[in-house]
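S.K.: query31.txt is the file, holding compact mmCIF, C-alpha atoms:
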# COMPACT_ATOMS: atom_id res chain seq x y z
CA MET A 1 -26.00 -19.51 -95.45
CA ARG A 2 -27.12 -20.22 -98.99
CA LEU A 3 -27.29 -16.51 -99.76
CA LEU A 4 -23.77 -16.03 -98.38
CA LEU A 5 -22.57 -18.88 -100.59
CA ARG A 6 -24.23 -17.28 -103.64
CA VAL A 7 -22.39 -14.03 -102.89
CA LEU A 8 -19.02 -15.46 -101.86
CA ALA A 9 -18.70 -18.24 -104.49
CA PRO A 10 -18.11 -15.92 -107.47
CA LEU A 11 -15.75 -13.78 -105.39
CA LEU A 12 -13.70 -16.82 -104.38
CA GLY A 13 -13.65 -17.91 -108.02
CA LEU A 14 -12.45 -14.48 -109.09
CA LEU A 15 -9.76 -14.56 -106.39
CA LEU A 16 -8.45 -17.89 -107.70
CA ALA A 17 -8.47 -16.61 -111.28
CA VAL A 18 -6.54 -13.46 -110.33
CA LEU A 19 -4.04 -15.51 -108.33
CA GLY A 20 -3.51 -17.86 -111.27
CA LEU A 21 -3.12 -15.00 -113.72
CA ALA A 22 -0.60 -13.24 -111.45
CA ILE A 23 1.50 -16.41 -111.16
CA VAL A 24 1.54 -16.92 -114.93
CA VAL A 25 2.31 -13.26 -115.71
CA GLU A 26 5.14 -12.97 -113.17
CA THR A 27 6.71 -16.30 -114.11
CA VAL A 28 6.65 -15.52 -117.82
CA THR A 29 8.02 -12.00 -117.23
CA LEU A 30 10.90 -13.35 -115.14
CA TRP A 31 11.58 -15.90 -117.85
CA VAL A 32 11.31 -13.78 -120.99
CA ALA A 33 12.32 -10.31 -119.81
CA PRO A 34 14.06 -10.53 -116.43
CA ALA A 35 14.89 -6.82 -116.60
CA SER A 36 11.25 -5.70 -116.28
CA SER A 37 10.43 -8.17 -113.47
CA PRO A 38 8.44 -7.75 -111.23
CA LEU A 39 5.72 -6.54 -113.58
CA VAL A 40 2.72 -6.06 -111.29
CA VAL A 41 3.14 -8.04 -108.07
CA PRO A 42 6.11 -6.84 -105.96
CA TRP A 43 7.12 -10.38 -105.05
CA PRO A 44 10.87 -9.74 -104.57
CA ALA A 45 9.93 -7.30 -101.77
CA TRP A 46 7.72 -9.98 -100.18
CA LEU A 47 10.57 -12.47 -100.50
CA ALA A 48 12.90 -10.03 -98.73
CA ALA A 49 10.35 -9.53 -95.97
CA ILE A 50 10.07 -13.23 -95.09
CA GLU A 51 13.84 -13.79 -95.46
CA GLY A 52 15.23 -14.98 -92.15
CA LEU A 53 11.87 -16.10 -90.74
CA THR A 54 11.82 -19.68 -89.50
CA TRP A 55 8.86 -22.01 -89.14
CA GLN A 56 8.90 -21.19 -85.42
CA SER A 57 8.53 -17.42 -85.90
CA GLY A 58 5.50 -15.82 -84.33
CA ALA A 59 4.52 -14.12 -87.60
CA VAL A 60 4.47 -17.44 -89.44
CA ARG A 61 2.35 -19.03 -86.75
CA ALA A 62 -0.05 -16.08 -86.64
CA THR A 63 -0.45 -16.18 -90.42
CA ALA A 64 -1.05 -19.93 -90.30
CA VAL A 65 -3.74 -19.49 -87.65
CA VAL A 66 -5.47 -16.74 -89.65
CA VAL A 67 -5.35 -18.83 -92.85
CA GLY A 68 -6.72 -21.79 -90.89
CA LEU A 69 -9.63 -19.78 -89.50
CA VAL A 70 -10.52 -18.40 -92.92
CA GLY A 71 -10.27 -21.93 -94.33
CA LEU A 72 -12.52 -23.29 -91.59
CA PHE A 73 -15.11 -20.62 -92.35
CA VAL A 74 -15.02 -21.37 -96.08
CA LEU A 75 -15.20 -25.11 -95.38
CA LEU A 76 -18.21 -24.73 -93.09
CA LEU A 77 -19.90 -22.44 -95.60
CA GLY A 78 -19.60 -25.14 -98.24
CA LEU A 79 -20.87 -27.86 -95.91
CA VAL A 80 -23.73 -25.96 -94.25
CA ALA A 81 -25.34 -24.28 -97.28
CA ARG A 82 -27.69 -27.12 -98.13
CA ARG A 83 -31.39 -26.88 -98.83
CA HIS A 84 -33.90 -27.53 -96.06
CA ASP A 85 -36.91 -28.44 -98.20
CA VAL A 86 -39.62 -30.53 -96.62
CA TYR A 87 -40.65 -33.24 -99.08
CA LEU A 88 -44.23 -34.35 -99.49
CA ALA A 89 -45.22 -37.78 -100.76
CA ASP A 90 -45.19 -37.86 -104.58
CA PRO A 91 -48.61 -37.92 -106.18
CA VAL A 92 -47.16 -39.43 -109.38
CA PRO A 93 -43.62 -40.63 -110.13
CA GLU A 94 -42.67 -37.66 -112.33
CA VAL A 95 -43.71 -35.02 -109.83
CA THR A 96 -41.80 -33.89 -106.75
CA VAL A 97 -43.68 -31.85 -104.19
CA THR A 98 -41.89 -29.78 -101.56
CA THR A 99 -42.68 -27.08 -99.08
CA SER A 100 -40.49 -24.85 -96.96
CA PRO A 101 -39.99 -25.40 -93.20
CA HIS A 102 -41.27 -21.86 -92.76
CA SER A 103 -44.52 -22.58 -94.56
CA LEU A 104 -45.02 -25.85 -92.68
CA ALA A 105 -44.53 -24.00 -89.39
CA ARG A 106 -47.05 -21.38 -90.48
CA ALA A 107 -49.66 -24.01 -91.30
CA VAL A 108 -49.12 -25.80 -87.97
CA GLY A 109 -49.23 -22.45 -86.18
CA HIS A 110 -52.63 -21.63 -87.71
CA GLU A 111 -53.90 -25.02 -86.63
CA VAL A 112 -52.66 -24.57 -83.06
CA ARG A 113 -53.95 -21.02 -82.69
CA SER A 114 -57.38 -22.06 -83.94
CA HIS A 115 -57.70 -24.03 -80.69
CA SER A 116 -59.93 -21.93 -78.44
CA ASP A 117 -57.85 -22.39 -75.27
CA VAL A 118 -54.54 -21.36 -76.80
CA VAL A 119 -53.60 -17.74 -76.18
CA SER A 120 -50.41 -17.66 -78.21
CA ALA A 121 -48.16 -20.14 -79.95
CA SER A 122 -44.84 -20.35 -81.73
CA VAL A 123 -43.82 -23.15 -84.04
CA VAL A 124 -40.47 -24.25 -85.47
CA ALA A 125 -40.53 -26.94 -88.15
CA SER A 126 -38.02 -29.01 -90.08
CA THR A 127 -38.16 -32.31 -91.96
CA LYS A 128 -37.49 -34.26 -88.79
CA LYS A 129 -39.15 -32.32 -86.05
CA ILE A 130 -41.95 -29.88 -85.30
CA THR A 131 -41.68 -27.98 -82.03
CA VAL A 132 -44.78 -26.23 -80.74
CA LYS A 133 -44.72 -23.85 -77.80
CA ALA A 134 -48.11 -22.63 -76.73
CA SER A 135 -49.46 -20.75 -73.77
CA THR A 136 -52.90 -20.98 -72.28
CA LEU A 137 -54.93 -19.68 -69.34
CA ASP A 138 -56.18 -23.17 -68.46
CA PRO A 139 -54.29 -26.06 -66.83
CA ALA A 140 -51.49 -26.93 -69.24
CA GLU A 141 -51.87 -30.74 -69.14
CA ALA A 142 -55.27 -31.02 -70.83
CA VAL A 143 -54.52 -28.35 -73.40
CA ARG A 144 -51.26 -30.03 -74.35
CA ASP A 145 -52.97 -33.32 -75.22
CA ASP A 146 -55.58 -31.39 -77.18
CA VAL A 147 -53.00 -29.43 -79.13
CA ARG A 148 -51.01 -32.58 -79.86
CA ALA A 149 -54.15 -34.31 -81.15
CA HIS A 150 -54.87 -31.28 -83.34
CA VAL A 151 -51.38 -31.26 -84.83
CA ASP A 152 -51.36 -35.03 -85.35
CA GLU A 153 -54.68 -34.86 -87.13
CA MET A 154 -53.38 -32.05 -89.34
CA LEU A 155 -50.25 -34.05 -90.22
CA VAL A 156 -52.48 -36.94 -91.27
CA ARG A 157 -54.20 -34.62 -93.73
CA LEU A 158 -50.87 -33.28 -94.98
CA PRO A 159 -49.13 -36.07 -96.92
CA LEU A 160 -45.53 -35.50 -95.81
CA ALA A 161 -42.98 -37.94 -97.18
CA ARG A 162 -41.56 -38.40 -93.73
CA ARG A 163 -43.61 -37.89 -90.61
CA PRO A 164 -41.77 -35.46 -88.33
CA ARG A 165 -41.63 -35.92 -84.58
CA VAL A 166 -43.94 -33.52 -82.80
CA SER A 167 -43.01 -31.98 -79.49
CA VAL A 168 -45.58 -29.82 -77.77
CA SER A 169 -44.99 -27.75 -74.66
CA VAL A 170 -47.76 -25.73 -73.11
CA THR A 171 -47.36 -23.21 -70.30
CA THR A 172 -50.08 -21.59 -68.25
CA THR A 173 -49.93 -17.80 -68.23
CA LYS A 174 -51.70 -15.50 -65.82
CA GLY A 175 -54.66 -13.54 -67.07
CA VAL A 176 -58.41 -13.24 -67.13
CA LYS A 177 -60.31 -15.64 -69.28
CA MET B 1 -39.91 -38.95 -107.43
CA SER B 2 -37.75 -39.01 -110.51
CA ARG B 3 -34.24 -37.66 -110.68
CA ARG B 4 -35.25 -34.96 -113.15
CA SER B 5 -38.24 -33.73 -111.17
CA ARG B 6 -36.10 -33.64 -108.06
CA ALA B 7 -33.42 -31.66 -109.89
CA ALA B 8 -36.09 -29.13 -110.88
CA VAL B 9 -36.93 -28.27 -107.27
CA ALA B 10 -34.36 -25.50 -107.14
CA ARG B 11 -31.22 -24.31 -108.82
CA SER B 12 -28.37 -26.56 -107.78
CA ALA B 13 -25.61 -25.05 -105.68
CA GLY B 14 -23.60 -28.29 -105.92
CA GLY B 15 -20.74 -26.82 -107.94
CA ASP B 16 -20.38 -23.83 -105.64
CA ARG B 17 -20.52 -26.00 -102.56
CA THR B 18 -18.00 -28.55 -103.85
CA LEU B 19 -15.45 -25.92 -104.85
CA THR B 20 -15.95 -23.92 -101.64
CA THR B 21 -15.48 -27.07 -99.56
CA ILE B 22 -12.32 -28.06 -101.46
CA LEU B 23 -10.88 -24.55 -101.10
CA GLY B 24 -11.65 -24.60 -97.38
CA LEU B 25 -9.98 -28.00 -96.97
CA VAL B 26 -6.86 -26.82 -98.81
CA LEU B 27 -6.58 -23.70 -96.63
CA VAL B 28 -7.10 -25.64 -93.39
CA ALA B 29 -4.61 -28.34 -94.45
CA THR B 30 -1.97 -25.72 -95.33
CA SER B 31 -2.42 -23.96 -92.01
CA VAL B 32 -2.33 -27.16 -89.95
CA LEU B 33 0.78 -28.38 -91.78
CA ALA B 34 2.58 -25.06 -91.21
CA LEU B 35 1.67 -25.10 -87.50
CA LEU B 36 2.79 -28.74 -87.10
CA VAL B 37 6.15 -27.97 -88.71
CA GLY B 38 6.50 -24.89 -86.50
CA TYR B 39 5.80 -26.83 -83.30
CA GLY B 40 8.42 -29.42 -84.17
CA VAL B 41 6.15 -32.38 -84.84
CA PHE B 42 8.33 -33.28 -87.84
CA GLY B 43 11.54 -32.77 -85.84
CA GLU B 44 12.97 -30.00 -83.69
CA PHE B 45 15.58 -29.25 -86.35
CA ARG B 46 13.07 -28.81 -89.15
CA ALA B 47 11.12 -26.31 -87.03
CA GLN B 48 14.23 -24.09 -86.81
CA ARG B 49 14.85 -24.05 -90.56
CA PRO B 50 14.10 -20.84 -92.44
CA LEU B 51 10.87 -20.46 -94.40
CA ILE B 52 12.89 -19.83 -97.58
CA ASP B 53 14.78 -23.07 -97.19
CA PRO B 54 18.27 -23.01 -98.80
CA ILE B 55 17.79 -26.62 -99.93
CA ALA B 56 14.59 -25.66 -101.79
CA VAL B 57 16.26 -22.55 -103.23
CA GLN B 58 19.18 -24.71 -104.42
CA TRP B 59 16.78 -27.15 -106.05
CA VAL B 60 14.95 -24.34 -107.85
CA THR B 61 18.23 -22.88 -109.10
CA ASP B 62 19.28 -26.30 -110.39
CA HIS B 63 15.98 -26.98 -112.14
CA THR B 64 15.00 -23.52 -113.36
CA ALA B 65 13.15 -24.64 -116.50
CA ALA B 66 11.12 -27.31 -114.71
CA THR B 67 10.13 -24.90 -111.93
CA ARG B 68 9.00 -22.31 -114.46
CA TRP B 69 6.87 -24.78 -116.39
CA PHE B 70 5.45 -26.05 -113.13
CA ALA B 71 4.59 -22.51 -111.94
CA VAL B 72 3.00 -21.62 -115.28
CA ALA B 73 0.94 -24.83 -115.24
CA ILE B 74 -0.31 -24.16 -111.70
CA GLY B 75 -1.14 -20.58 -112.67
CA ILE B 76 -3.10 -21.66 -115.73
CA VAL B 77 -5.03 -24.31 -113.79
CA LEU B 78 -5.95 -21.81 -111.05
CA PHE B 79 -6.95 -19.22 -113.65
CA VAL B 80 -9.16 -21.60 -115.64
CA VAL B 81 -10.82 -23.13 -112.57
CA GLY B 82 -11.41 -19.69 -111.00
CA LEU B 83 -12.81 -18.17 -114.18
CA TRP B 84 -15.06 -21.16 -114.88
CA TRP B 85 -16.32 -21.09 -111.29
CA THR B 86 -17.06 -17.36 -111.41
CA LEU B 87 -18.91 -17.51 -114.74
CA HIS B 88 -20.75 -20.69 -113.71
CA SER B 89 -22.09 -19.19 -110.47
CA LEU B 90 -22.91 -15.79 -111.97
CA ARG B 91 -24.82 -17.18 -114.96
CA PRO B 92 -28.59 -16.97 -114.48
CA GLU B 93 -30.51 -20.21 -114.58
CA PRO B 94 -31.56 -20.76 -118.21
CA ARG B 95 -35.22 -20.51 -119.25
CA PRO B 96 -35.39 -22.94 -122.15
CA ASP B 97 -37.79 -22.68 -125.06
CA VAL B 98 -39.21 -26.11 -125.76
CA SER B 99 -38.49 -27.73 -129.09
CA LEU B 100 -41.37 -29.94 -130.15
CA SER B 101 -39.92 -31.00 -133.47
CA GLU B 102 -36.35 -30.98 -134.78
CA VAL B 103 -37.20 -32.24 -138.28
CA PRO B 104 -35.60 -29.88 -140.87
CA GLY B 105 -38.24 -27.73 -142.49
CA GLU B 106 -40.69 -28.46 -139.67
CA ARG B 107 -38.74 -27.12 -136.73
CA LEU B 108 -41.16 -26.14 -134.02
CA THR B 109 -40.25 -24.49 -130.75
CA VAL B 110 -42.52 -22.99 -128.14
CA GLU B 111 -41.39 -19.92 -126.26
CA HIS B 112 -40.72 -20.20 -122.57
CA ALA B 113 -43.04 -17.33 -121.65
CA ALA B 114 -45.97 -18.75 -123.64
CA ILE B 115 -45.84 -22.11 -121.89
CA CYS B 116 -45.39 -20.63 -118.44
CA ASP B 117 -48.25 -18.16 -118.85
CA ALA B 118 -50.58 -20.90 -120.01
CA VAL B 119 -49.71 -23.25 -117.15
CA ARG B 120 -49.87 -20.42 -114.63
CA HIS B 121 -53.35 -19.43 -115.81
CA ASP B 122 -54.48 -23.01 -115.47
CA ALA B 123 -52.93 -23.43 -112.05
CA GLU B 124 -54.48 -20.27 -110.68
CA THR B 125 -57.97 -21.57 -111.45
CA ILE B 126 -57.47 -24.49 -109.06
CA GLU B 127 -59.70 -24.33 -106.01
CA GLY B 128 -57.54 -23.43 -103.01
CA VAL B 129 -54.70 -21.80 -104.93
CA SER B 130 -54.37 -18.04 -104.69
CA ARG B 131 -51.27 -17.47 -106.79
CA ALA B 132 -49.01 -19.54 -108.97
CA ARG B 133 -45.56 -19.02 -110.41
CA VAL B 134 -44.31 -21.21 -113.21
CA ARG B 135 -41.02 -21.54 -115.03
CA LEU B 136 -39.23 -24.11 -117.10
CA VAL B 137 -35.80 -25.42 -116.23
CA GLY B 138 -33.47 -27.85 -117.95
CA THR B 139 -32.67 -27.97 -121.65
CA PRO B 140 -34.93 -27.37 -124.68
CA VAL B 141 -34.97 -31.10 -125.37
CA ARG B 142 -35.39 -32.21 -121.76
CA PRO B 143 -37.39 -29.49 -120.03
CA ALA B 144 -38.89 -29.71 -116.56
CA LEU B 145 -41.56 -27.56 -114.93
CA ARG B 146 -41.08 -25.72 -111.66
CA ILE B 147 -44.36 -24.58 -110.16
CA SER B 148 -44.78 -22.62 -106.98
CA LEU B 149 -48.30 -22.52 -105.54
CA HIS B 150 -49.54 -20.18 -102.84
CA MET B 151 -52.31 -21.99 -101.03
CA ILE B 152 -55.28 -20.46 -99.32
CA GLU B 153 -55.60 -21.20 -95.61
CA GLY B 154 -57.44 -24.43 -94.92
CA SER B 155 -57.36 -25.81 -98.45
CA ASP B 156 -56.62 -29.51 -98.78
CA VAL B 157 -53.29 -30.39 -100.33
CA ARG B 158 -54.57 -33.67 -101.77
CA ASP B 159 -57.45 -31.97 -103.59
CA VAL B 160 -55.11 -29.33 -104.98
CA TRP B 161 -52.62 -31.74 -106.39
CA ALA B 162 -55.27 -34.09 -107.70
CA GLU B 163 -56.56 -31.21 -109.78
CA LEU B 164 -53.03 -30.08 -110.62
CA ASP B 165 -52.09 -33.48 -111.98
CA GLY B 166 -55.46 -34.35 -113.50
CA ARG B 167 -56.07 -31.09 -115.30
CA VAL B 168 -53.14 -28.66 -115.38
CA LEU B 169 -50.24 -31.04 -115.88
CA ALA B 170 -52.33 -33.32 -118.08
CA ARG B 171 -52.90 -30.41 -120.44
CA ALA B 172 -49.23 -29.47 -120.40
CA ARG B 173 -48.25 -33.06 -121.17
CA GLU B 174 -50.77 -33.15 -123.98
CA ALA B 175 -49.43 -29.89 -125.40
CA PHE B 176 -45.88 -31.24 -125.40
CA SER B 177 -47.18 -34.64 -126.57
CA VAL B 178 -45.13 -36.42 -123.92
CA SER B 179 -46.31 -39.12 -121.54
CA ALA B 180 -44.45 -37.70 -118.57
CA LEU B 181 -43.28 -34.19 -117.79
CA PRO B 182 -40.89 -33.89 -114.83
CA THR B 183 -42.38 -31.36 -112.47
CA ALA B 184 -41.34 -29.88 -109.16
CA VAL B 185 -44.14 -28.31 -107.15
CA ARG B 186 -43.39 -26.00 -104.26
CA LEU B 187 -46.30 -25.40 -101.93
CA GLU B 188 -46.59 -22.33 -99.77
CA LEU B 189 -49.06 -23.65 -97.21
CA ASP B 190 -51.58 -21.24 -95.70
CA ALA B 191 -50.02 -18.36 -97.60
CA THR B 192 -53.17 -16.23 -97.73
CA SER B 193 -56.52 -16.25 -96.02
CA ALA B 194 -58.55 -15.43 -99.13
CA PRO B 195 -58.25 -15.95 -102.89
CA THR B 196 -56.33 -13.25 -104.75
CA PRO B 197 -58.54 -11.19 -107.07
CA ALA B 198 -58.20 -12.18 -110.70
CA ARG B 199 -55.36 -10.52 -112.58
CA VAL B 200 -56.21 -7.72 -114.95
CA GLU B 201 -54.52 -8.52 -118.25
Spell out the structure here as structure tokens.
M.R.:
Amino acid sequence: MRLLLRVLAPLLGLLLAVLGLAIVVETVTLWVAPASSPLVVPWPAWLAAIEGLTWQSGAVRATAVVVGLVGLFVLLLGLVARRHDVYLADPVPEVTVTTSPHSLARAVGHEVRSHSDVVSASVVASTKKITVKASTLDPAEAVRDDVRAHVDEMLVRLPLARRPRVSVSVTTTKGVK
Amino acid sequence: MSRRSRAAVARSAGGDRTLTTILGLVLVATSVLALLVGYGVFGEFRAQRPLIDPIAVQWVTDHTAATRWFAVAIGIVLFVVGLWWTLHSLRPEPRPDVSLSEVPGERLTVEHAAICDAVRHDAETIEGVSRARVRLVGTPVRPALRISLHMIEGSDVRDVWAELDGRVLARAREAFSVSALPTAVRLELDATSAPTPARVE
């Protein structure tokens, strides 16, 4: 979403600037030299087109819905495009240490896969929660407690500013050990 | 964590996000208002009135000069805000040179690249770090460091940052002759399994 914001923000800005410029140019033209109005934007034609429409007209409602949907998208884009950095405890006051959720998940994943009974694992991490899904050939119960202990021990070594909740689920898959 | 070191973590998208949110709110509000009028929430009669309302047209005809000034003002505001927004979000994040002394005749500035290369070299010698990227952010008078470290699998974060603060940042602080240098460190945990071979310069 942040990338989309980086791309769309200048375009939206440009759109506003063009809109503003068009309003100024057309107003001043109508004012100073009414004979050559409209200069660029054919607004009298637009005016003629919406002549006779009432607030109840289907076209007006459809336009309002479309504008609303576009607005909702732009609004959500602005609200959602925040950073998802995972903060670590500060070693000294002037230093801020962060890592990415992706990198945290990778580190946890290495830790989980280093467990000899785990066949495969996938990890999703954020500041608040780490979700581990692992599969094993052994009974799931024992392996799950083991994996959880592993992850907990790793999080003790990693000085995160806020300890995330850890949820581990282990499934037993068929196969030859 | 200080405000300046926190600000150095990444380029702020605050301006973009604020303006995008406001624009979205305006669009949604316009649409909702138009729909409410159309469905007769403000009166059945009002819903049947034309879009180009004769009362509004009459008012505009009566107050031509005021309407024109108003339209021009709105146009200028939109133009300025839009242009500022575009330029602001297209401008690359500055890489400040650091000014160590502003005394006339003894002006001393250090180039951005020189500082970053030196700190990067230092950082890459830390045990457990395979690659480092360094840049300065902020202003020449109030710079802050942004360091990104790629860590080798299994290296201890505490050891790495003890060395980072005790040696690398200490030297940078000494070079700038400041007691504190705001720094944002980004760790890429377990980025590689082995140290990167030394760079050939």
S.K.: Please identify every residue of chain A that has at least one atom no more than 7 Å from any atom of chain B, counting all atoms listed in the file, and report them as number ranges by chain.
M.R.: A: 9-10, 13-14, 16-18, 20-21, 23-24, 27, 51-56, 61, 64-65, 67-68, 71-72, 74-75, 78-79, 90, 93-99, 103-104, 106-107, 158
S.K.: Go ahead and save the residues from that selection, with C-alpha atoms, as a compact mmCIF listing (two decimals), in the frame of the given file.
M.R.:
# COMPACT_ATOMS: atom_id res chain seq x y z
CA ALA A 9 -18.70 -18.24 -104.49
CA PRO A 10 -18.11 -15.92 -107.47
CA GLY A 13 -13.65 -17.91 -108.02
CA LEU A 14 -12.45 -14.48 -109.09
CA LEU A 16 -8.45 -17.89 -107.70
CA ALA A 17 -8.47 -16.61 -111.28
CA VAL A 18 -6.54 -13.46 -110.33
CA GLY A 20 -3.51 -17.86 -111.27
CA LEU A 21 -3.12 -15.00 -113.72
CA ILE A 23 1.50 -16.41 -111.16
CA VAL A 24 1.54 -16.92 -114.93
CA THR A 27 6.71 -16.30 -114.11
CA GLU A 51 13.84 -13.79 -95.46
CA GLY A 52 15.23 -14.98 -92.15
CA LEU A 53 11.87 -16.10 -90.74
CA THR A 54 11.82 -19.68 -89.50
CA TRP A 55 8.86 -22.01 -89.14
CA GLN A 56 8.90 -21.19 -85.42
CA ARG A 61 2.35 -19.03 -86.75
CA ALA A 64 -1.05 -19.93 -90.30
CA VAL A 65 -3.74 -19.49 -87.65
CA VAL A 67 -5.35 -18.83 -92.85
CA GLY A 68 -6.72 -21.79 -90.89
CA GLY A 71 -10.27 -21.93 -94.33
CA LEU A 72 -12.52 -23.29 -91.59
CA VAL A 74 -15.02 -21.37 -96.08
CA LEU A 75 -15.20 -25.11 -95.38
CA GLY A 78 -19.60 -25.14 -98.24
CA LEU A 79 -20.87 -27.86 -95.91
CA ASP A 90 -45.19 -37.86 -104.58
CA PRO A 93 -43.62 -40.63 -110.13
CA GLU A 94 -42.67 -37.66 -112.33
CA VAL A 95 -43.71 -35.02 -109.83
CA THR A 96 -41.80 -33.89 -106.75
CA VAL A 97 -43.68 -31.85 -104.19
CA THR A 98 -41.89 -29.78 -101.56
CA THR A 99 -42.68 -27.08 -99.08
CA SER A 103 -44.52 -22.58 -94.56
CA LEU A 104 -45.02 -25.85 -92.68
CA ARG A 106 -47.05 -21.38 -90.48
CA ALA A 107 -49.66 -24.01 -91.30
CA LEU A 158 -50.87 -33.28 -94.98
S.K.: In Å to one decimal, how far is atom CA of A:Thr63 from atom CA of A:Thr29?
M.R.: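 Answer for the atom CA of A:Thr29 to atom CA of A:Thr63 separation: 28.4 Å.
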S.K.: Smallest atom-to-atom distance to A:Ala149: which of A:Leu12, A:Val25, A:Ala121, A:Val112, using all atoms listed in the file?
M.R.: A:Val112
S.K.: Distance atom CA of A:Arg113-atom CA of A:Leu88, one decimal place?
M.R.: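 Between atom CA of A:Arg113 and atom CA of A:Leu88 the gap works out to 23.5 Å.
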S.K.: Which polymer residues have any atom within 7 Å of an atom of stretch 129-141 of chain A, counting all atoms listed in the file, with same-chain residues fewer than 5 positions away left out, as a PyMOL selection string?
M.R.: chain A and resi 117-124+164-175+177
S.K.: Would you pick out the contacts of A:Pro101 at 8 Å or less, using all atoms listed in the file, so that residues sharing its chain but fewer than 5 positions from it are not included, and give the list as a list in words?
M.R.: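 Surrounding residues, per the criterion: His84, Asp85, Val86, Val124, Ala125, Ser126 and Thr127 of chain A.
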S.K.: Hey, what's within 12 Å of B:Arg171 if we count only C-alpha atoms and toss same-chain stuff fewer than 2 positions away? As a PDB file with C-alpha atoms, in the frame of the given file, please?
M.R.:
ATOM      1  CA  ILE B 115     -45.840 -22.110-121.890  1.00  0.00           C
ATOM      2  CA  ALA B 118     -50.580 -20.900-120.010  1.00  0.00           C
ATOM      3  CA  VAL B 119     -49.710 -23.250-117.150  1.00  0.00           C
ATOM      4  CA  ARG B 120     -49.870 -20.420-114.630  1.00  0.00           C
ATOM      5  CA  HIS B 121     -53.350 -19.430-115.810  1.00  0.00           C
ATOM      6  CA  ASP B 122     -54.480 -23.010-115.470  1.00  0.00           C
ATOM      7  CA  ALA B 123     -52.930 -23.430-112.050  1.00  0.00           C
ATOM      8  CA  GLU B 163     -56.560 -31.210-109.780  1.00  0.00           C
ATOM      9  CA  LEU B 164     -53.030 -30.080-110.620  1.00  0.00           C
ATOM     10  CA  ASP B 165     -52.090 -33.480-111.980  1.00  0.00           C
ATOM     11  CA  GLY B 166     -55.460 -34.350-113.500  1.00  0.00           C
ATOM     12  CA  ARG B 167     -56.070 -31.090-115.300  1.00  0.00           C
ATOM     13  CA  VAL B 168     -53.140 -28.660-115.380  1.00  0.00           C
ATOM     14  CA  LEU B 169     -50.240 -31.040-115.880  1.00  0.00           C
ATOM     15  CA  ARG B 173     -48.250 -33.060-121.170  1.00  0.00           C
ATOM     16  CA  GLU B 174     -50.770 -33.150-123.980  1.00  0.00           C
ATOM     17  CA  ALA B 175     -49.430 -29.890-125.400  1.00  0.00           C
ATOM     18  CA  PHE B 176     -45.880 -31.240-125.400  1.00  0.00           C
ATOM     19  CA  SER B 177     -47.180 -34.640-126.570  1.00  0.00           C
ATOM     20  CA  VAL B 178     -45.130 -36.420-123.920  1.00  0.00           C
ATOM     21  CA  SER B 179     -46.310 -39.120-121.540  1.00  0.00           C
ATOM     22  CA  ALA B 180     -44.450 -37.700-118.570  1.00  0.00           C
ATOM     23  CA  LEU B 181     -43.280 -34.190-117.790  1.00  0.00           C
TER      24      LEU B 181
END
S.K.: Closest to A:Pro91 among A:Ala33, A:Leu160, A:Leu19, A:Leu8, using only C-alpha atoms?
M.R.: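 Residue with the minimum atom-to-atom distance to A:Pro91: A:Leu160.
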S.K.: Ranking A:Val70, A:Ala59, A:Leu77, A:Ala22 by minimum distance to A:Val40 and counting only C-alpha atoms, which one comes first?
M.R.: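 Residue with the minimum atom-to-atom distance to A:Val40: A:Ala22.
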S.K.: So which one's closest to B:Arg142, B:Pro54, B:Gly105, B:Pro96, B:Gly128? Using all atoms listed in the file, please.
M.R.: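 Closest to B:Arg142, using all atoms listed in the file: B:Pro96.
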S.K.: Which distance in Å separates atom CA of A:Pro38 and atom CA of A:Gly58, to one decimal?
M.R.: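 A separation of 28.2 Å between them.
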S.K.: When you get a chance, write out N, CA and C atoms for stretch 146-153 of chain B, as a PDB file, keeping the file's coordinate frame.
M.R.:
ATOM      1  N   ARG B 146     -41.168 -26.063-113.083  1.00  0.00           N
ATOM      2  CA  ARG B 146     -41.080 -25.720-111.660  1.00  0.00           C
ATOM      3  C   ARG B 146     -42.272 -24.824-111.340  1.00  0.00           C
ATOM      4  N   ILE B 147     -43.143 -25.317-110.489  1.00  0.00           N
ATOM      5  CA  ILE B 147     -44.360 -24.580-110.160  1.00  0.00           C
ATOM      6  C   ILE B 147     -44.351 -24.235-108.691  1.00  0.00           C
ATOM      7  N   SER B 148     -44.667 -23.000-108.377  1.00  0.00           N
ATOM      8  CA  SER B 148     -44.780 -22.620-106.980  1.00  0.00           C
ATOM      9  C   SER B 148     -46.218 -22.167-106.738  1.00  0.00           C
ATOM     10  N   LEU B 149     -46.887 -22.810-105.786  1.00  0.00           N
ATOM     11  CA  LEU B 149     -48.300 -22.520-105.540  1.00  0.00           C
ATOM     12  C   LEU B 149     -48.487 -21.891-104.169  1.00  0.00           C
ATOM     13  N   HIS B 150     -49.174 -20.771-104.127  1.00  0.00           N
ATOM     14  CA  HIS B 150     -49.540 -20.180-102.840  1.00  0.00           C
ATOM     15  C   HIS B 150     -50.938 -20.665-102.485  1.00  0.00           C
ATOM     16  N   MET B 151     -51.029 -21.373-101.377  1.00  0.00           N
ATOM     17  CA  MET B 151     -52.310 -21.990-101.030  1.00  0.00           C
ATOM     18  C   MET B 151     -53.095 -21.111-100.076  1.00  0.00           C
ATOM     19  N   ILE B 152     -54.393 -21.201-100.220  1.00  0.00           N
ATOM     20  CA  ILE B 152     -55.280 -20.460 -99.320  1.00  0.00           C
ATOM     21  C   ILE B 152     -55.410 -21.265 -98.029  1.00  0.00           C
ATOM     22  N   GLU B 153     -55.482 -20.560 -96.919  1.00  0.00           N
ATOM     23  CA  GLU B 153     -55.600 -21.200 -95.610  1.00  0.00           C
ATOM     24  C   GLU B 153     -56.712 -22.247 -95.613  1.00  0.00           C
TER      25      GLU B 153
END
